[in-house]
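Peer 1: For reference, the file input.txt (compact mmCIF, C-alpha atoms) is included below:
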# COMPACT_ATOMS: atom_id res chain seq x y z
CA MET W 25 53.49 20.47 41.89
CA SER W 26 55.95 23.23 40.88
CA GLN W 27 53.33 25.93 41.49
CA ASP W 28 52.47 24.23 44.76
CA ILE W 29 55.99 24.29 46.11
CA GLU W 30 56.48 27.89 44.97
CA ASN W 31 53.34 28.99 46.80
CA GLN W 32 54.42 27.08 49.87
CA LEU W 33 57.82 28.80 49.66
CA ARG W 34 56.13 32.22 49.55
CA ARG W 35 54.10 31.32 52.63
CA ALA W 36 57.18 29.98 54.40
CA LEU W 37 59.15 33.12 53.63
CA ARG W 38 56.75 35.77 54.89
CA PRO W 39 58.60 38.89 56.07
CA VAL W 40 59.42 38.99 59.77
CA ASP W 41 59.70 42.17 61.85
CA PRO W 42 62.75 42.83 63.99
CA SER W 43 62.24 43.27 67.73
CA ALA W 44 60.60 46.46 68.99
CA GLY W 45 62.80 49.55 69.04
CA PHE W 46 65.02 48.40 66.21
CA ALA W 47 64.90 51.75 64.37
CA GLU W 48 65.75 53.61 67.58
CA ARG W 49 68.74 51.33 68.13
CA VAL W 50 69.92 52.03 64.57
CA MET W 51 69.55 55.78 65.16
CA ARG W 52 71.59 55.55 68.37
CA ALA W 53 74.34 53.68 66.50
CA LEU W 54 74.66 56.36 63.80
CA PRO W 55 77.95 58.25 63.84
CA GLU W 56 77.78 61.83 65.17
CA SER W 57 78.96 63.38 61.94
CA THR W 58 78.95 61.71 58.58
CA PRO W 59 79.66 63.25 55.20
CA ARG W 60 76.20 64.06 53.83
CA ALA W 61 75.00 64.75 50.35
CA ALA W 62 76.81 68.03 49.96
CA PRO W 63 74.48 71.00 49.68
CA VAL W 64 75.34 73.77 47.20
CA VAL W 65 76.84 75.97 49.94
CA ALA W 66 79.07 73.15 51.07
CA LEU W 67 80.17 72.58 47.50
CA ARG W 68 81.06 76.24 47.10
CA SER W 69 83.07 76.29 50.28
CA ALA W 70 84.72 73.06 49.23
CA ALA W 71 86.12 74.84 46.17
CA ARG W 72 88.66 76.74 48.27
CA PRO W 73 90.51 73.71 49.57
CA ASN W 74 90.61 72.38 46.01
CA LEU W 75 92.22 75.62 44.75
CA TRP W 76 94.63 75.57 47.66
CA ARG W 77 95.39 71.92 46.99
CA ARG W 78 96.12 72.79 43.37
CA LEU W 79 98.49 75.62 44.31
CA SER W 80 100.04 74.14 47.41
CA THR W 81 102.46 71.81 45.61
CA PRO W 82 104.03 74.44 43.32
CA ALA W 83 104.12 76.88 46.27
CA ALA W 84 105.89 74.31 48.43
CA LEU W 85 108.37 73.61 45.62
CA ALA W 86 109.08 77.32 45.14
CA ALA W 87 109.55 77.82 48.88
CA SER W 88 111.92 74.84 49.00
CA LEU W 89 113.89 76.28 46.09
CA VAL W 90 114.23 79.69 47.79
CA VAL W 91 115.32 78.08 51.05
CA ALA W 92 117.85 75.92 49.16
CA VAL W 93 119.30 78.99 47.38
CA LEU W 94 119.53 80.95 50.65
CA LEU W 95 121.17 78.02 52.40
CA GLY W 96 123.61 77.65 49.48
CA GLN W 97 124.54 81.32 49.61
CA GLN W 98 125.04 81.14 53.36
CA ALA W 99 127.23 78.06 52.98
CA GLY W 100 129.27 79.84 50.26
CA ARG W 101 129.80 82.87 52.48
CA GLN W 102 130.91 80.68 55.36
CA GLN W 103 133.30 78.87 53.04
CA VAL W 104 134.89 82.15 51.87
CA GLU W 105 135.19 83.32 55.48
CA ARG W 106 136.81 80.01 56.45
CA GLU W 107 139.29 80.33 53.55
CA GLN W 108 140.07 83.93 54.48
CA ARG W 109 140.68 82.96 58.09
CA ALA W 110 142.85 80.06 56.99
CA GLY W 111 144.80 82.40 54.65
CA LEU W 112 145.42 84.91 57.41
CA ALA W 113 146.54 82.18 59.76
CA ALA W 114 148.93 80.81 57.13
CA ARG W 115 150.33 84.31 56.50
CA ALA W 116 150.84 84.81 60.24
CA GLU W 117 152.61 81.46 60.46
CA LEU W 118 154.82 82.41 57.52
CA LEU W 119 155.73 85.75 59.07
CA GLN W 120 156.50 84.04 62.36
CA ALA W 121 158.65 81.55 60.54
CA LEU W 122 160.41 84.37 58.71
CA ARG W 123 160.96 86.22 61.96
CA ILE W 124 162.46 83.12 63.56
CA THR W 125 164.59 82.44 60.54
CA SER W 126 165.69 86.06 60.47
CA LYS W 127 166.73 85.93 64.13
CA LYS W 128 168.70 82.76 63.52
CA LEU W 129 170.36 84.33 60.52
CA ASP W 130 171.24 87.37 62.61
CA LEU W 131 172.79 85.19 65.25
CA ALA W 132 174.71 83.27 62.62
CA TYR W 133 175.83 86.51 61.01
CA GLN W 134 176.94 87.87 64.33
CA ALA W 135 178.78 84.65 65.06
CA VAL W 136 180.57 84.79 61.75
CA ASN W 137 181.49 88.43 62.05
CA ARG W 138 182.62 88.28 65.65
CA PRO W 139 186.41 89.01 65.78
CA ALA W 140 188.42 85.95 66.52
CA PRO W 141 189.77 85.83 70.06
CA ALA W 142 193.44 86.56 70.48
CA PRO W 143 195.61 83.43 70.63
CA PRO W 144 197.02 82.63 74.05
CA PRO W 145 200.65 83.80 74.63
CA ALA W 146 203.25 81.15 73.75
CA GLU W 147 205.02 79.57 76.79
CA GLU W 148 208.76 80.44 77.20
CA ASN W 149 211.20 77.61 76.55
CA PRO W 150 213.05 77.01 79.79
CA SER W 151 216.01 75.64 78.01
CA MET I 21 46.82 57.37 43.24
CA LYS I 22 47.42 56.15 46.76
CA PHE I 23 50.61 54.44 45.58
CA GLU I 24 51.80 57.64 43.87
CA SER I 25 51.31 59.70 47.02
CA ALA I 26 53.23 57.12 49.08
CA HIS I 27 55.91 57.23 46.41
CA VAL I 28 56.19 61.01 46.60
CA ASP I 29 56.26 60.82 50.39
CA THR I 30 59.15 58.37 50.32
CA ASP I 31 61.05 60.41 47.74
CA SER I 32 60.66 63.47 49.93
CA LEU I 33 61.79 61.42 52.95
CA LEU I 34 64.87 60.44 50.98
CA ARG I 35 65.63 64.05 50.08
CA ARG I 36 65.17 65.17 53.69
CA ALA I 37 67.37 62.33 54.96
CA CYS I 38 70.04 63.32 52.42
CA GLY I 39 69.87 66.84 53.80
CA GLY I 40 70.70 65.51 57.27
CA ASP I 41 67.16 65.15 58.71
CA ALA I 42 67.53 62.36 61.30
CA SER I 43 63.79 61.81 61.74
CA ALA I 44 63.42 61.27 57.98
CA PHE I 45 66.19 58.68 58.10
CA ALA I 46 64.47 56.98 61.07
CA ASP I 47 61.27 56.80 58.97
CA ILE I 48 63.20 55.19 56.11
CA VAL I 49 64.57 52.61 58.57
CA ARG I 50 61.06 51.84 59.89
CA ARG I 51 59.65 51.43 56.37
CA HIS I 52 62.38 49.05 55.22
CA GLN I 53 63.41 47.27 58.41
CA ALA I 54 61.17 44.22 57.82
CA THR I 55 62.66 43.64 54.36
CA VAL I 56 66.27 43.96 55.49
CA PHE I 57 65.74 42.04 58.74
CA SER I 58 63.86 39.22 56.97
CA ILE I 59 66.61 38.74 54.40
CA GLY I 60 69.12 38.46 57.25
CA TYR I 61 66.82 36.18 59.23
CA ARG I 62 66.11 33.75 56.38
CA MET I 63 69.77 33.70 55.45
CA LEU I 64 71.36 33.46 58.91
CA GLY I 65 68.54 31.79 60.87
CA ARG I 66 69.04 33.81 64.07
CA ARG I 67 67.28 36.94 65.27
CA ASP I 68 70.41 38.42 66.90
CA ALA I 69 72.56 37.81 63.83
CA ALA I 70 69.82 39.19 61.58
CA GLU I 71 69.46 42.35 63.71
CA ASP I 72 73.24 42.88 63.65
CA LEU I 73 73.20 42.50 59.89
CA ALA I 74 70.22 44.83 59.45
CA GLN I 75 71.87 47.45 61.65
CA ASP I 76 75.07 47.25 59.59
CA VAL I 77 73.05 47.61 56.39
CA PHE I 78 71.32 50.78 57.65
CA LEU I 79 74.63 52.23 58.90
CA GLN I 80 76.07 51.68 55.43
CA LEU I 81 72.98 53.30 53.94
CA TYR I 82 73.46 56.35 56.18
CA ARG I 83 76.99 56.77 54.85
CA LYS I 84 75.90 56.27 51.22
CA LEU I 85 72.64 58.23 51.25
CA ASP I 86 73.93 60.74 48.73
CA SER I 87 74.44 57.94 46.18
CA ILE I 88 70.79 56.77 46.37
CA GLU I 89 68.97 58.13 43.34
CA SER I 90 65.34 57.15 43.95
CA ILE I 91 63.08 55.09 46.14
CA GLU I 92 63.34 52.15 43.70
CA HIS I 93 67.09 52.41 43.89
CA LEU I 94 66.86 52.48 47.70
CA GLY I 95 64.90 49.20 47.76
CA PHE I 96 67.30 47.55 45.33
CA TRP I 97 70.32 48.87 47.25
CA LEU I 98 69.02 47.54 50.60
CA ARG I 99 68.23 44.08 49.21
CA ARG I 100 71.56 43.91 47.43
CA VAL I 101 73.64 44.93 50.46
CA ALA I 102 71.65 42.76 52.89
CA ALA I 103 71.89 39.64 50.70
CA ASN I 104 75.59 40.06 49.95
CA LEU I 105 76.45 40.82 53.57
CA ALA I 106 74.53 37.70 54.65
CA ILE I 107 76.38 35.56 52.07
CA ASP I 108 79.72 36.91 53.35
CA ARG I 109 78.79 36.16 56.95
CA LEU I 110 77.56 32.66 56.12
CA ARG I 111 80.81 31.93 54.34
CA ARG I 112 82.77 33.07 57.40
CA VAL I 113 80.55 31.43 60.05
CA PRO I 114 78.22 28.63 58.96
CA TYR I 115 75.23 29.70 61.11
CA SER I 116 72.92 27.13 59.60
CA THR I 117 75.00 24.25 60.87
CA THR I 118 75.22 25.56 64.43
CA TYR I 119 72.03 27.62 64.82
CA PRO I 120 68.95 26.09 63.22
CA LEU I 121 66.00 28.38 62.45
CA ASP I 122 63.83 29.08 65.46
CA ASP I 123 60.03 28.75 65.53
CA ALA I 124 59.39 32.35 64.49
CA ALA I 125 61.54 31.92 61.43
CA LEU I 126 59.75 28.71 60.53
CA GLY I 127 56.37 30.41 60.41
CA ALA I 128 54.03 31.47 63.19
CA ASP I 129 51.10 29.33 64.26
CA ALA I 130 47.69 30.48 63.08
CA GLU I 131 46.51 30.97 66.68
CA PRO I 132 49.12 32.02 69.23
CA GLY I 133 49.70 29.32 71.82
CA VAL I 134 47.89 26.67 69.79
CA PRO I 135 50.32 24.58 67.76
CA ASP I 136 49.13 24.31 64.16
CA THR I 137 49.51 20.69 63.19
CA SER I 138 47.86 20.92 59.78
CA GLU I 139 49.86 19.31 57.02
CA ASP I 140 50.14 22.56 55.11
CA HIS I 141 51.55 24.40 58.11
CA LEU I 142 53.97 21.61 58.90
CA MET I 143 55.09 21.52 55.29
CA THR I 144 55.61 25.27 55.28
CA ARG I 145 57.73 25.02 58.41
CA ALA I 146 59.69 22.14 56.94
CA LEU I 147 60.27 24.13 53.75
CA ALA I 148 61.62 27.13 55.65
CA LYS I 149 63.90 24.77 57.54
CA LEU I 150 65.06 23.00 54.39
CA LEU I 151 65.90 26.32 52.80
CA GLY I 152 68.59 26.65 55.47
CA GLU I 153 70.25 23.56 54.02
CA LEU I 154 71.03 25.31 50.73
CA ALA I 155 74.44 26.87 50.09
CA PRO I 156 74.64 30.65 50.73
CA ALA I 157 74.35 31.84 47.10
CA PRO I 158 71.35 29.71 46.08
CA ARG I 159 69.74 30.47 49.44
CA ALA I 160 70.04 34.20 48.72
CA VAL I 161 68.56 33.65 45.26
CA MET I 162 65.57 31.82 46.76
CA VAL I 163 65.04 34.43 49.48
CA LEU I 164 65.06 37.26 46.94
CA ARG I 165 62.79 35.31 44.58
CA TYR I 166 60.18 33.98 47.02
CA GLN I 167 60.34 36.34 49.99
CA GLU I 168 60.99 39.60 48.13
CA ASP I 169 59.21 38.51 44.91
CA ARG I 170 62.02 39.87 42.71
CA ASP I 171 62.45 38.87 39.09
CA VAL I 172 65.43 36.97 37.78
CA ALA I 173 67.12 40.01 36.20
CA GLU I 174 67.00 42.00 39.42
CA ILE I 175 68.30 39.07 41.47
CA ALA I 176 71.17 38.70 38.99
CA ALA I 177 72.02 42.39 39.33
CA ALA I 178 71.74 42.33 43.13
CA LEU I 179 73.99 39.31 43.54
CA ASP I 180 76.37 40.07 40.64
CA MET I 181 75.49 36.81 38.92
CA PRO I 182 74.68 35.99 35.31
CA VAL I 183 70.93 35.63 34.71
CA ASN I 184 71.41 32.00 33.67
CA THR I 185 73.15 31.22 36.94
CA VAL I 186 70.18 32.66 38.85
CA LYS I 187 67.77 30.57 36.77
CA SER I 188 69.89 27.50 37.34
CA HIS I 189 70.01 28.13 41.13
CA ILE I 190 66.22 28.46 41.24
CA LYS I 191 65.66 25.32 39.19
CA ARG I 192 68.11 23.20 41.14
CA SER I 193 66.94 24.52 44.51
CA LEU I 194 63.30 23.82 43.68
CA THR I 195 64.21 20.30 42.59
CA ALA I 196 66.20 19.72 45.77
CA LEU I 197 63.46 21.21 47.96
CA ARG I 198 60.81 19.15 46.18
CA ALA I 199 62.79 15.98 46.82
CA LEU I 200 63.27 16.94 50.45
CA MET I 201 59.57 17.81 50.72
CA ILE I 202 58.57 14.42 49.38
CA GLY I 203 60.75 12.85 52.04
CA ALA I 204 59.24 15.12 54.71
CA ARG I 205 55.70 14.42 53.51
CA LEU I 206 56.37 10.72 53.80
CA GLU I 207 57.67 11.22 57.33
CA ILE I 208 54.58 13.24 58.32
CA SER I 209 52.17 10.73 56.88
If you convert what's in this file into structure tokens, what do you get?
Peer 2:
Amino acid sequence: MSQDIENQLRRALRPVDPSAGFAERVMRALPESTPRAAPVVALRSAARPNLWRRLSTPAALAASLVVAVLLGQQAGRQQVEREQRAGLAARAELLQALRITSKKLDLAYQAVNRPAPAPPPAEENPS
Amino acid sequence: MKFESAHVDTDSLLRRACGGDASAFADIVRRHQATVFSIGYRMLGRRDAAEDLAQDVFLQLYRKLDSIESIEHLGFWLRRVAANLAIDRLRRVPYSTTYPLDDAALGADAEPGVPDTSEDHLMTRALAKLLGELAPAPRAVMVLRYQEDRDVAEIAAALDMPVNTVKSHIKRSLTALRALMIGARLEIS
């Protein structure tokens, strides 16, 4: 009975062909370019990107470091220039203030040293 | 000797297909299309669904050609991918409940146009139909065992199952089918 049903199963499950043109439809559905089993030449040429990939990270880090140093130096120079300009402006303000103060002092000095005006003549007593 | 020469031919086809020869790949498709299509057809029960599945299997093969080591590996790989893809699709859409097997899937008549009403033929058709009642995993086990004539160890490897689970699926499925067959035989008689 077991053998019987197994044989019947084999008969029931005979392979079936797909409709005509199936292989052609599969070929039309294939992608245009697909990574193939890499031939030796392709493997050799693939070594370059690997080397570049290995070096690219340290190179990028070094370049970033150089750019950071240059930017830092530039910022430092600008800071010094700003401080110099601010110092010059402060000095000019101080000189201006001194000039003003000096003028005021001159005026005050002149005022102090000006001879006192003569007193008005006393009025005669009519009596 | 004949087998060896066919073997060498297929190995050379495989090498040429790996090198990008489209006609060699088309030959591989033609040689294996019945196997892949039949697994899909017995599992899903519909020609259109089975052709979709077979096409997807061959597209996957095209992308993975460089990982195929030999012609034996190619056959194993195709059966494995087809069966697992069919199980996945059955779990997502229960084809068997909505699309019963058509006449072609149930077994062709001996003479075209003349319905074969012999008991054996009717039983064979009933058996193919009853197979569609099994759950996806045991159905795949039965298809690989009785359609593809694979041994238990290979079925276990193809479906990522322990060998004992495969044996158990076969035993239980045969018991269930036998019971259903007895019922069908009673109906016929």
Peer 1: Please identify every residue of chain W that has at least one atom no more than 6 Å from any atom of chain I, counting all atoms listed in the file, and report them as a PyMOL selection string.
Peer 2: chain W and resi 32+34+36-37+39-41+47+50+61
Peer 1: What does the distance from atom CA of Glu117 of chain W to atom CA of Gly100 of chain W come to in Å, to one decimal?
Peer 2: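 These atoms are spaced 25.5 Å apart.
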Peer 1: When distances are computed from all atoms listed in the file, which of I:Val172, I:Val186, I:Leu105, I:Ala178 shows the smallest separation from Pro158 of chain I?
Peer 2: I:Val186
Peer 1: Please, what distance in Å, to one decimal, runs between atom CA of Asn184 of chain I and atom CA of Phe96 of chain I?
Peer 2: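 Rounded to one decimal, the two atoms are 19.9 Å apart.
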Peer 1: Work out how far atom CA of Gly60 of chain I is from atom CA of Ile107 of chain I, in Å to one decimal.
Peer 2: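 Interatomic distance here is 9.4 Å.
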